[in-house]
>>> print(open('coords.pdb').read())   # PDB, C-alpha atoms
ATOM      1  CA  PHE A   1       4.345  -4.170   9.401
ATOM      2  CA  GLN A   2       2.670  -4.044  12.782
ATOM      3  CA  LEU A   3       4.535  -6.295  15.229
ATOM      4  CA  CYS A   4       3.604  -7.969  18.519
ATOM      5  CA  GLU A   5       5.060  -7.513  21.948
ATOM      6  CA  ARG A   6       5.727 -10.607  24.053
ATOM      7  CA  GLY A   7       2.714 -11.717  26.060
ATOM      8  CA  ASP A   8       2.825 -12.914  29.659
ATOM      9  CA  PHE A   9       0.722 -15.992  30.491
ATOM     10  CA  SER A  10       0.212 -14.637  33.998
ATOM     11  CA  SER A  11      -1.671 -11.640  32.601
ATOM     12  CA  ILE A  12      -3.615 -12.721  29.499
ATOM     13  CA  PRO A  13      -5.869  -9.792  28.539
ATOM     14  CA  ASP A  14      -9.653  -9.646  28.877
ATOM     15  CA  GLU A  15     -11.659 -11.313  26.097
ATOM     16  CA  LYS A  16     -14.104  -8.389  26.224
ATOM     17  CA  LYS A  17     -11.430  -6.046  24.859
ATOM     18  CA  PHE A  18      -9.258  -8.457  22.845
ATOM     19  CA  ILE A  19      -9.710 -11.073  20.162
ATOM     20  CA  PHE A  20      -7.490 -14.172  20.010
ATOM     21  CA  GLU A  21      -6.060 -15.779  16.882
ATOM     22  CA  PRO A  22      -3.750 -18.731  16.210
ATOM     23  CA  ASN A  23      -0.148 -17.760  15.504
ATOM     24  CA  TYR A  24       1.291 -19.505  12.454
ATOM     25  CA  ASP A  25       5.013 -20.228  12.154
ATOM     26  CA  GLY A  26       6.026 -18.989   8.723
ATOM     27  CA  THR A  27       7.328 -15.930   6.907
ATOM     28  CA  ARG A  28       5.521 -12.600   7.290
ATOM     29  CA  ILE A  29       4.331 -11.251   3.939
ATOM     30  CA  ALA A  30       2.420  -8.151   2.858
ATOM     31  CA  ALA A  31       0.466  -8.688  -0.342
ATOM     32  CA  TRP A  32      -0.102  -5.616  -2.519
ATOM     33  CA  LYS A  33      -2.718  -5.834  -5.288
ATOM     34  CA  ASN A  34      -3.352  -3.016  -7.724
ATOM     35  CA  GLY A  35      -5.654  -4.037 -10.543
ATOM     36  CA  ASP A  36      -4.196  -7.204 -12.047
ATOM     37  CA  GLU A  37      -0.753  -6.696 -10.523
ATOM     38  CA  VAL A  38       0.236  -8.464  -7.293
ATOM     39  CA  LYS A  39       3.434  -8.117  -5.271
ATOM     40  CA  LEU A  40       4.566 -10.038  -2.178
ATOM     41  CA  ILE A  41       6.978  -8.226   0.158
ATOM     42  CA  ASN A  42       8.539  -9.651   3.346
ATOM     43  CA  ARG A  43       9.481  -7.829   6.568
ATOM     44  CA  ARG A  44      12.941  -6.969   5.243
ATOM     45  CA  GLY A  45      11.435  -5.344   2.175
ATOM     46  CA  VAL A  46      12.492  -8.206  -0.128
ATOM     47  CA  ASP A  47      10.231  -8.929  -3.102
ATOM     48  CA  LYS A  48       8.994 -12.544  -2.890
ATOM     49  CA  THR A  49       6.485 -12.351  -5.745
ATOM     50  CA  ASP A  50       8.286 -14.881  -7.939
ATOM     51  CA  VAL A  51       9.015 -17.250  -5.030
ATOM     52  CA  PHE A  52       5.377 -18.063  -4.249
ATOM     53  CA  PRO A  53       3.520 -18.039  -7.624
ATOM     54  CA  GLU A  54       0.532 -20.002  -6.298
ATOM     55  CA  VAL A  55      -0.209 -17.212  -3.794
ATOM     56  CA  VAL A  56       0.030 -14.572  -6.526
ATOM     57  CA  GLU A  57      -2.260 -16.537  -8.857
ATOM     58  CA  ASP A  58      -5.031 -16.905  -6.273
ATOM     59  CA  LEU A  59      -4.813 -13.291  -5.064
ATOM     60  CA  LYS A  60      -5.258 -12.092  -8.655
ATOM     61  CA  LYS A  61      -8.715 -13.695  -8.638
ATOM     62  CA  ASN A  62      -9.915 -11.036  -6.152
ATOM     63  CA  LYS A  63     -11.714  -8.140  -7.840
ATOM     64  CA  PHE A  64     -10.613  -5.419  -5.396
ATOM     65  CA  SER A  65      -7.257  -3.736  -4.937
ATOM     66  CA  PHE A  66      -5.754  -3.956  -1.445
ATOM     67  CA  ILE A  67      -2.703  -4.251   0.777
ATOM     68  CA  ILE A  68      -3.088  -7.129   3.218
ATOM     69  CA  ASP A  69      -0.894  -8.581   5.944
ATOM     70  CA  GLY A  70      -0.405 -12.264   6.602
ATOM     71  CA  GLU A  71       1.884 -15.245   6.984
ATOM     72  CA  ILE A  72       3.039 -17.745   4.370
ATOM     73  CA  VAL A  73       3.171 -21.201   5.959
ATOM     74  CA  ALA A  74       4.312 -24.633   4.789
ATOM     75  CA  LYS A  75       3.970 -28.088   6.357
ATOM     76  CA  ASP A  76       6.827 -27.144   8.680
ATOM     77  CA  PHE A  77       9.421 -24.393   8.873
ATOM     78  CA  SER A  78      12.081 -26.589   7.268
ATOM     79  CA  SER A  79       9.915 -27.027   4.149
ATOM     80  CA  LEU A  80       9.308 -23.286   3.988
ATOM     81  CA  ALA A  81      13.031 -22.552   4.249
ATOM     82  CA  LYS A  82      13.662 -24.754   1.221
ATOM     83  CA  ARG A  83      11.454 -22.421  -0.847
ATOM     84  CA  ASP A  84      12.042 -19.016   0.674
ATOM     85  CA  HIS A  85      15.482 -18.381  -0.846
ATOM     86  CA  LEU A  86      14.945 -19.880  -4.302
ATOM     87  CA  LYS A  87      15.478 -17.633  -7.344
ATOM     88  CA  ASP A  88      15.749 -20.065 -10.251
ATOM     89  CA  ALA A  89      12.374 -20.382 -12.008
ATOM     90  CA  ALA A  90      12.771 -24.097 -12.724
ATOM     91  CA  LYS A  91      13.610 -24.874  -9.093
ATOM     92  CA  ILE A  92      10.644 -22.781  -7.932
ATOM     93  CA  ARG A  93       8.285 -24.812 -10.160
ATOM     94  CA  ILE A  94       9.594 -28.062  -8.670
ATOM     95  CA  ALA A  95       9.544 -26.769  -5.075
ATOM     96  CA  ARG A  96       5.969 -25.552  -5.545
ATOM     97  CA  LYS A  97       4.870 -29.176  -6.023
ATOM     98  CA  LEU A  98       7.117 -30.660  -3.331
ATOM     99  CA  PHE A  99       6.583 -28.004  -0.639
ATOM    100  CA  PRO A 100       3.172 -26.324  -1.116
ATOM    101  CA  VAL A 101       2.380 -23.238   0.943
ATOM    102  CA  GLN A 102      -0.673 -21.385   2.195
ATOM    103  CA  TYR A 103      -1.079 -17.667   2.808
ATOM    104  CA  TYR A 104      -2.932 -16.883   6.049
ATOM    105  CA  VAL A 105      -4.420 -13.361   5.886
ATOM    106  CA  PHE A 106      -5.101 -11.593   9.182
ATOM    107  CA  ASP A 107      -5.294  -7.830   8.498
ATOM    108  CA  LEU A 108      -5.320  -5.036   5.932
ATOM    109  CA  THR A 109      -3.702  -1.613   5.959
ATOM    110  CA  ASP A 110      -4.975   1.939   5.686
ATOM    111  CA  GLN A 111      -4.134   2.025   1.981
ATOM    112  CA  CYS A 112      -7.378   0.104   1.489
ATOM    113  CA  PHE A 113      -9.305   3.113   2.772
ATOM    114  CA  ASP A 114      -9.192   5.569  -0.133
ATOM    115  CA  ASN A 115     -11.610   7.116  -2.582
ATOM    116  CA  SER A 116     -10.781   4.802  -5.473
ATOM    117  CA  HIS A 117     -13.654   2.929  -7.073
ATOM    118  CA  ARG A 118     -11.502  -0.200  -6.674
ATOM    119  CA  SER A 119     -11.128   0.340  -2.947
ATOM    120  CA  PRO A 120     -13.238  -2.132  -0.921
ATOM    121  CA  ILE A 121     -14.280   0.573   1.541
ATOM    122  CA  HIS A 122     -15.882   2.496  -1.351
ATOM    123  CA  HIS A 123     -18.261  -0.375  -2.052
ATOM    124  CA  HIS A 124     -21.814   0.449  -0.905
ATOM    125  CA  ARG A 125     -22.126  -2.833   1.045
ATOM    126  CA  TRP A 126     -19.453  -1.854   3.580
ATOM    127  CA  LYS A 127     -20.321   1.356   5.366
ATOM    128  CA  ILE A 128     -17.395   1.274   7.785
ATOM    129  CA  THR A 129     -16.242   4.673   8.988
ATOM    130  CA  ASN A 130     -13.788   3.814  11.802
ATOM    131  CA  ARG A 131     -10.804   2.224  10.100
ATOM    132  CA  ASP A 132      -8.866   2.267  13.369
ATOM    133  CA  ARG A 133     -10.963  -0.574  14.694
ATOM    134  CA  LEU A 134      -9.463  -4.031  14.222
ATOM    135  CA  ILE A 135     -12.873  -5.703  14.279
ATOM    136  CA  ASP A 136     -13.996  -3.526  11.341
ATOM    137  CA  ARG A 137     -10.875  -4.400   9.365
ATOM    138  CA  LYS A 138     -11.448  -8.095  10.094
ATOM    139  CA  TYR A 139     -14.977  -7.686   8.725
ATOM    140  CA  LEU A 140     -13.568  -6.263   5.507
ATOM    141  CA  VAL A 141     -10.995  -9.031   5.121
ATOM    142  CA  ASN A 142     -13.772 -11.609   5.287
ATOM    143  CA  HIS A 143     -15.662  -9.861   2.493
ATOM    144  CA  ILE A 144     -12.956  -8.838   0.024
ATOM    145  CA  ILE A 145     -10.610 -11.862   0.175
ATOM    146  CA  GLU A 146     -11.676 -14.993  -1.671
ATOM    147  CA  GLU A 147     -10.439 -18.090   0.125
ATOM    148  CA  SER A 148      -8.979 -21.010  -1.780
ATOM    149  CA  GLU A 149      -6.724 -23.998  -1.209
ATOM    150  CA  THR A 150      -3.829 -21.525  -0.977
ATOM    151  CA  ILE A 151      -5.444 -18.405   0.528
ATOM    152  CA  LYS A 152      -6.869 -18.679   4.051
ATOM    153  CA  ILE A 153      -8.341 -16.083   6.398
ATOM    154  CA  VAL A 154      -7.261 -16.104  10.039
ATOM    155  CA  ARG A 155     -10.364 -15.837  12.201
ATOM    156  CA  PRO A 156     -10.692 -15.302  15.966
ATOM    157  CA  GLU A 157     -11.136 -18.373  18.156
ATOM    158  CA  PRO A 158     -12.083 -18.878  21.829
ATOM    159  CA  LEU A 159      -9.076 -18.491  24.095
ATOM    160  CA  GLU A 160      -9.526 -21.886  25.767
ATOM    161  CA  ILE A 161      -9.520 -23.620  22.351
ATOM    162  CA  LEU A 162      -6.277 -21.915  21.339
ATOM    163  CA  ILE A 163      -4.602 -22.855  24.617
ATOM    164  CA  MET A 164      -5.593 -26.509  24.111
ATOM    165  CA  LYS A 165      -4.292 -26.464  20.528
ATOM    166  CA  MET A 166      -1.007 -25.003  21.710
ATOM    167  CA  ALA A 167      -0.694 -27.570  24.500
ATOM    168  CA  VAL A 168      -0.923 -30.479  22.036
ATOM    169  CA  GLY A 169       1.414 -28.848  19.499
ATOM    170  CA  ALA A 170      -1.234 -28.071  16.875
ATOM    171  CA  ILE A 171      -0.151 -24.404  16.830
ATOM    172  CA  GLU A 172       3.012 -22.704  18.082
ATOM    173  CA  GLY A 173       1.100 -20.038  19.997
ATOM    174  CA  PHE A 174      -1.615 -17.415  19.773
ATOM    175  CA  VAL A 175      -1.929 -13.656  19.394
ATOM    176  CA  ALA A 176      -4.138 -11.330  21.430
ATOM    177  CA  LYS A 177      -5.232  -8.195  19.554
ATOM    178  CA  LYS A 178      -7.125  -5.279  21.024
ATOM    179  CA  LYS A 179     -10.455  -4.891  19.260
ATOM    180  CA  ASP A 180     -10.109  -1.134  18.683
ATOM    181  CA  SER A 181      -6.401  -1.194  17.738
ATOM    182  CA  PRO A 182      -5.296   0.688  14.605
ATOM    183  CA  TYR A 183      -2.813  -0.758  12.129
ATOM    184  CA  VAL A 184       0.084   1.668  12.587
ATOM    185  CA  GLY A 185       3.214  -0.439  12.051
ATOM    186  CA  GLY A 186       6.051  -1.155  14.460
ATOM    187  CA  ARG A 187       5.918  -3.086  17.718
ATOM    188  CA  GLN A 188       2.693  -2.350  19.614
ATOM    189  CA  SER A 189       1.362  -3.365  23.029
ATOM    190  CA  THR A 190      -2.116  -3.698  21.473
ATOM    191  CA  TRP A 191      -0.873  -6.928  19.828
ATOM    192  CA  LEU A 192       0.547  -9.561  22.180
ATOM    193  CA  LYS A 193       2.110 -12.875  21.146
ATOM    194  CA  PHE A 194       1.916 -15.879  23.476
ATOM    195  CA  ARG A 195       4.171 -18.832  22.767
ATOM    196  CA  MET A 196       4.804 -22.031  24.742
ATOM    197  CA  GLU A 197       8.443 -21.591  25.690
ATOM    198  CA  GLU A 198      11.150 -23.418  27.569
ATOM    199  CA  THR A 199      13.845 -21.834  29.728
ATOM    200  CA  ALA A 200      17.457 -22.912  30.174
ATOM    201  CA  ASP A 201      20.801 -21.526  31.324
ATOM    202  CA  ALA A 202      23.387 -20.910  28.603
ATOM    203  CA  LYS A 203      27.085 -20.078  28.760
ATOM    204  CA  VAL A 204      28.092 -16.801  27.114
ATOM    205  CA  LEU A 205      31.002 -17.486  24.745
ATOM    206  CA  GLY A 206      31.553 -13.958  23.489
ATOM    207  CA  ILE A 207      29.994 -10.839  21.988
ATOM    208  CA  LYS A 208      29.284  -9.508  18.535
ATOM    209  CA  GLU A 209      29.496  -5.727  18.587
ATOM    210  CA  GLY A 210      28.178  -5.015  15.095
ATOM    211  CA  LYS A 211      24.798  -6.553  15.878
ATOM    212  CA  ARG A 212      25.017  -6.000  19.649
ATOM    213  CA  SER A 213      24.413  -9.667  20.401
ATOM    214  CA  LEU A 214      25.817 -12.406  22.613
ATOM    215  CA  ARG A 215      27.308 -15.646  21.356
ATOM    216  CA  ILE A 216      25.910 -18.352  23.629
ATOM    217  CA  LEU A 217      26.043 -22.131  23.982
ATOM    218  CA  LEU A 218      22.485 -23.380  24.394
ATOM    219  CA  LYS A 219      22.092 -27.139  24.928
ATOM    220  CA  GLY A 220      25.191 -27.935  22.909
ATOM    221  CA  LYS A 221      24.507 -25.569  20.007
ATOM    222  CA  GLU A 222      25.874 -22.085  19.404
ATOM    223  CA  HIS A 223      23.463 -19.180  18.909
ATOM    224  CA  HIS A 224      23.686 -15.416  18.489
ATOM    225  CA  VAL A 225      21.070 -13.709  20.675
ATOM    226  CA  SER A 226      20.085 -10.050  20.871
ATOM    227  CA  SER A 227      16.428 -10.297  21.942
ATOM    228  CA  GLY A 228      16.038  -9.205  25.563
ATOM    229  CA  LEU A 229      19.586  -7.788  25.708
ATOM    230  CA  THR A 230      19.684  -4.192  26.988
ATOM    231  CA  ASP A 231      22.408  -1.669  26.191
ATOM    232  CA  LYS A 232      23.452  -1.684  29.854
ATOM    233  CA  SER A 233      23.746  -5.483  30.025
ATOM    234  CA  PHE A 234      25.672  -5.627  26.760
ATOM    235  CA  ALA A 235      28.111  -2.969  28.003
ATOM    236  CA  GLU A 236      28.675  -4.893  31.257
ATOM    237  CA  VAL A 237      29.346  -8.168  29.438
ATOM    238  CA  LYS A 238      31.657  -6.435  26.940
ATOM    239  CA  LYS A 239      33.641  -4.864  29.769
ATOM    240  CA  VAL A 240      34.194  -8.280  31.369
ATOM    241  CA  PHE A 241      35.339  -9.868  28.088
ATOM    242  CA  ASP A 242      37.677  -6.924  27.498
ATOM    243  CA  THR A 243      39.360  -7.354  30.904
ATOM    244  CA  LEU A 244      39.296 -11.130  31.563
ATOM    245  CA  PRO A 245      40.608 -13.905  29.239
ATOM    246  CA  ASN A 246      38.009 -16.606  30.035
ATOM    247  CA  PRO A 247      35.187 -15.103  32.072
ATOM    248  CA  GLU A 248      32.387 -17.212  33.558
ATOM    249  CA  ILE A 249      29.196 -15.575  32.279
ATOM    250  CA  TYR A 250      25.819 -17.289  32.037
ATOM    251  CA  CYS A 251      22.401 -16.137  30.935
ATOM    252  CA  SER A 252      18.878 -17.430  31.363
ATOM    253  CA  VAL A 253      17.313 -17.935  27.933
ATOM    254  CA  SER A 254      13.714 -18.649  26.961
ATOM    255  CA  PHE A 255      13.112 -20.246  23.568
ATOM    256  CA  TYR A 256      10.609 -22.112  21.403
ATOM    257  CA  ASN A 257      11.548 -25.761  20.890
ATOM    258  CA  ASP A 258      10.567 -26.491  17.289
ATOM    259  CA  PRO A 259      10.360 -30.286  16.721
ATOM    260  CA  HIS A 260      11.606 -29.882  13.142
ATOM    261  CA  THR A 261      14.248 -27.152  13.309
ATOM    262  CA  GLY A 262      15.300 -27.137  16.975
ATOM    263  CA  TYR A 263      15.566 -24.133  19.283
ATOM    264  CA  ARG A 264      14.146 -20.912  17.862
ATOM    265  CA  PHE A 265      13.394 -17.362  19.022
ATOM    266  CA  PRO A 266      15.889 -17.307  21.946
ATOM    267  CA  HIS A 267      15.274 -14.433  24.363
ATOM    268  CA  ILE A 268      17.593 -13.402  27.211
ATOM    269  CA  SER A 269      15.789 -12.864  30.501
ATOM    270  CA  SER A 270      18.768 -12.432  32.851
ATOM    271  CA  ILE A 271      22.586 -12.461  32.921
ATOM    272  CA  LYS A 272      24.825 -13.709  35.708
ATOM    273  CA  ILE A 273      28.529 -12.813  35.826
ATOM    274  CA  LYS A 274      30.559 -14.987  38.185
TER     275      LYS A 274
END
>>> encode(input="coords.pdb", output="structure tokens")
Amino acid sequence: FQLCERGDFSSIPDEKKFIFEPNYDGTRIAAWKNGDEVKLINRRGVDKTDVFPEVVEDLKKNKFSFIIDGEIVAKDFSSLAKRDHLKDAAKIRIARKLFPVQYYVFDLTDQCFDNSHRSPIHHHRWKITNRDRLIDRKYLVNHIIEESETIKIVRPEPLEILIMKMAVGAIEGFVAKKKDSPYVGGRQSTWLKFRMEETADAKVLGIKEGKRSLRILLKGKEHHVSSGLTDKSFAEVKKVFDTLPNPEIYCSVSFYNDPHTGYRFPHISSIKIK
């Protein structure tokens, strides 16, 4: 999976070099289609094919083979969580009706660019030679993926529209993607995620060495946070906890305030040891 770096609202990139897309709050899924077979794999490499049968059914209707990247989204994150971990077939059938999902497709990978007759790039209508260009890959997505009630294509939108949508809570944020960026996997500065965040001070309650994270108290709730924590900062905090019984340590934390599930995506910006 190609991942985003955090974007800074004080330096939003130029629209001449970047496209802007809405960021959907769901679970990241790569969909692999080979002939009539479809598999759904999440970021941790877990097979989710049986969990979201409606996505599989609609992707099978496409005539080409492909590997695409996207996000499975429900009405809210709480509804999605009620489906994501189900394994029992009967419960999945019930949850499918109670908590329907949609798969938002925003990119495809280099595996689509081969010499197979089933590869979309081989089709005579699409004479695209530079697969490293995001705008060319977006063109392909629009032509090989059939949209439905379940399958949606994420298309670029004007920056000012996305900012207004985010301000009123219609979307959680937006992503800026460089037009000539390749799909190479890992966290890349050519993809930047912008999210409306809040900032608050939190008391550090302790450390968790195995995951190199801090245990913090954020607005009355306990969280484990590793995002934004450097090796140097972690070592300094650990040293204090090893030498003092009840140290006074606080950190500044930015987070996304989800109206349904509470504080999410906490990120440490600074640490103060008293």
>>> residues_around(input="coords.pdb", residues="region 97-112 of chain A", least_positions_apart="3", cutoff="6 Å", atoms="all atoms listed in the file", output="list in words")
Phe66, Ile67, Ile68, Asp69, Gly70, Glu71, Ile72, Val73, Ala74, Ser79, Ile94, Ser119, Thr150, Ile151, Lys152, Ile153 and Val154 of chain A
>>> write_last_selection(input="coords.pdb", atoms="C-alpha atoms", output="PDB file, in the coordinates of the input")
ATOM      1  CA  PHE A  66      -5.754  -3.956  -1.445  1.00  0.00           C
ATOM      2  CA  ILE A  67      -2.703  -4.251   0.777  1.00  0.00           C
ATOM      3  CA  ILE A  68      -3.088  -7.129   3.218  1.00  0.00           C
ATOM      4  CA  ASP A  69      -0.894  -8.581   5.944  1.00  0.00           C
ATOM      5  CA  GLY A  70      -0.405 -12.264   6.602  1.00  0.00           C
ATOM      6  CA  GLU A  71       1.884 -15.245   6.984  1.00  0.00           C
ATOM      7  CA  ILE A  72       3.039 -17.745   4.370  1.00  0.00           C
ATOM      8  CA  VAL A  73       3.171 -21.201   5.959  1.00  0.00           C
ATOM      9  CA  ALA A  74       4.312 -24.633   4.789  1.00  0.00           C
ATOM     10  CA  SER A  79       9.915 -27.027   4.149  1.00  0.00           C
ATOM     11  CA  ILE A  94       9.594 -28.062  -8.670  1.00  0.00           C
ATOM     12  CA  SER A 119     -11.128   0.340  -2.947  1.00  0.00           C
ATOM     13  CA  THR A 150      -3.829 -21.525  -0.977  1.00  0.00           C
ATOM     14  CA  ILE A 151      -5.444 -18.405   0.528  1.00  0.00           C
ATOM     15  CA  LYS A 152      -6.869 -18.679   4.051  1.00  0.00           C
ATOM     16  CA  ILE A 153      -8.341 -16.083   6.398  1.00  0.00           C
ATOM     17  CA  VAL A 154      -7.261 -16.104  10.039  1.00  0.00           C
TER      18      VAL A 154
END
>>> resolve_selection(input="coords.pdb", expression="the PyMOL selection byres ((chain A and resi 6) around 12)", output="PDB file with C-alpha atoms, in the coordinates of the input")
ATOM      1  CA  LEU A   3       4.535  -6.295  15.229  1.00  0.00           C
ATOM      2  CA  CYS A   4       3.604  -7.969  18.519  1.00  0.00           C
ATOM      3  CA  GLU A   5       5.060  -7.513  21.948  1.00  0.00           C
ATOM      4  CA  GLY A   7       2.714 -11.717  26.060  1.00  0.00           C
ATOM      5  CA  ASP A   8       2.825 -12.914  29.659  1.00  0.00           C
ATOM      6  CA  PHE A   9       0.722 -15.992  30.491  1.00  0.00           C
ATOM      7  CA  SER A  11      -1.671 -11.640  32.601  1.00  0.00           C
ATOM      8  CA  ILE A  12      -3.615 -12.721  29.499  1.00  0.00           C
ATOM      9  CA  GLY A 173       1.100 -20.038  19.997  1.00  0.00           C
ATOM     10  CA  PHE A 174      -1.615 -17.415  19.773  1.00  0.00           C
ATOM     11  CA  VAL A 175      -1.929 -13.656  19.394  1.00  0.00           C
ATOM     12  CA  ALA A 176      -4.138 -11.330  21.430  1.00  0.00           C
ATOM     13  CA  ARG A 187       5.918  -3.086  17.718  1.00  0.00           C
ATOM     14  CA  GLN A 188       2.693  -2.350  19.614  1.00  0.00           C
ATOM     15  CA  SER A 189       1.362  -3.365  23.029  1.00  0.00           C
ATOM     16  CA  THR A 190      -2.116  -3.698  21.473  1.00  0.00           C
ATOM     17  CA  TRP A 191      -0.873  -6.928  19.828  1.00  0.00           C
ATOM     18  CA  LEU A 192       0.547  -9.561  22.180  1.00  0.00           C
ATOM     19  CA  LYS A 193       2.110 -12.875  21.146  1.00  0.00           C
ATOM     20  CA  PHE A 194       1.916 -15.879  23.476  1.00  0.00           C
ATOM     21  CA  ARG A 195       4.171 -18.832  22.767  1.00  0.00           C
ATOM     22  CA  MET A 196       4.804 -22.031  24.742  1.00  0.00           C
ATOM     23  CA  GLU A 197       8.443 -21.591  25.690  1.00  0.00           C
ATOM     24  CA  SER A 227      16.428 -10.297  21.942  1.00  0.00           C
ATOM     25  CA  GLY A 228      16.038  -9.205  25.563  1.00  0.00           C
ATOM     26  CA  SER A 254      13.714 -18.649  26.961  1.00  0.00           C
ATOM     27  CA  PHE A 265      13.394 -17.362  19.022  1.00  0.00           C
ATOM     28  CA  HIS A 267      15.274 -14.433  24.363  1.00  0.00           C
TER      29      HIS A 267
END
>>> closest_residue(input="coords.pdb", among="A:Val141, A:Leu159, A:Leu244, A:Ile271", to="Lys177 (chain A)", atoms="only C-alpha atoms")
A:Leu159
>>> closest_residue(input="coords.pdb", among="A:Ser213, A:Ser148, A:Asn42, A:Ser181", to="Arg133 (chain A)", atoms="only C-alpha atoms")
A:Ser181
>>> residues_around(input="coords.pdb", residues="Glu236 (chain A)", least_positions_apart="2", cutoff="12 Å", atoms="only C-alpha atoms", output="PyMOL selection string")
chain A and resi 207+214+229-234+238-243+249+271-273
>>> closest_residue(input="coords.pdb", among="A:Ala95, A:Met164, A:Val225, A:Ile145", to="Asp58 (chain A)", atoms="only C-alpha atoms")
A:Ile145
>>> atom_distance(input="coords.pdb", atom1="CA of Ser226 (chain A)", atom2="CA of Thr27 (chain A)")
19.8 Å
>>> atom_distance(input="coords.pdb", atom1="CA of Leu162 (chain A)", atom2="CA of Pro22 (chain A)")
6.5 Å
>>> closest_residue(input="coords.pdb", among="A:Asn23, A:Tyr183, A:Asp14, A:Tyr263", to="Gln2 (chain A)", atoms="all atoms listed in the file")
A:Tyr183
>>> axis_aligned_box(input="coords.pdb", around="region 19-32 of chain A", padding_each_side="5 Å", output="lines of an AutoDock Vina configuration file")
center_x = -1.2
center_y = -12.9
center_z = 8.8
size_x = 27.0
size_y = 24.6
size_z = 32.7
>>> atom_distance(input="coords.pdb", atom1="CA of Pro158 (chain A)", atom2="CA of Glu15 (chain A)")
8.7 Å
>>> closest_residue(input="coords.pdb", among="A:Pro182, A:Gly220, A:Gly206, A:Pro247", to="Arg137 (chain A)", atoms="all atoms listed in the file")
A:Pro182
>>> closest_residue(input="coords.pdb", among="A:Lys138, A:Lys165, A:Lys211, A:His224", to="Asp180 (chain A)", atoms="only C-alpha atoms")
A:Lys138
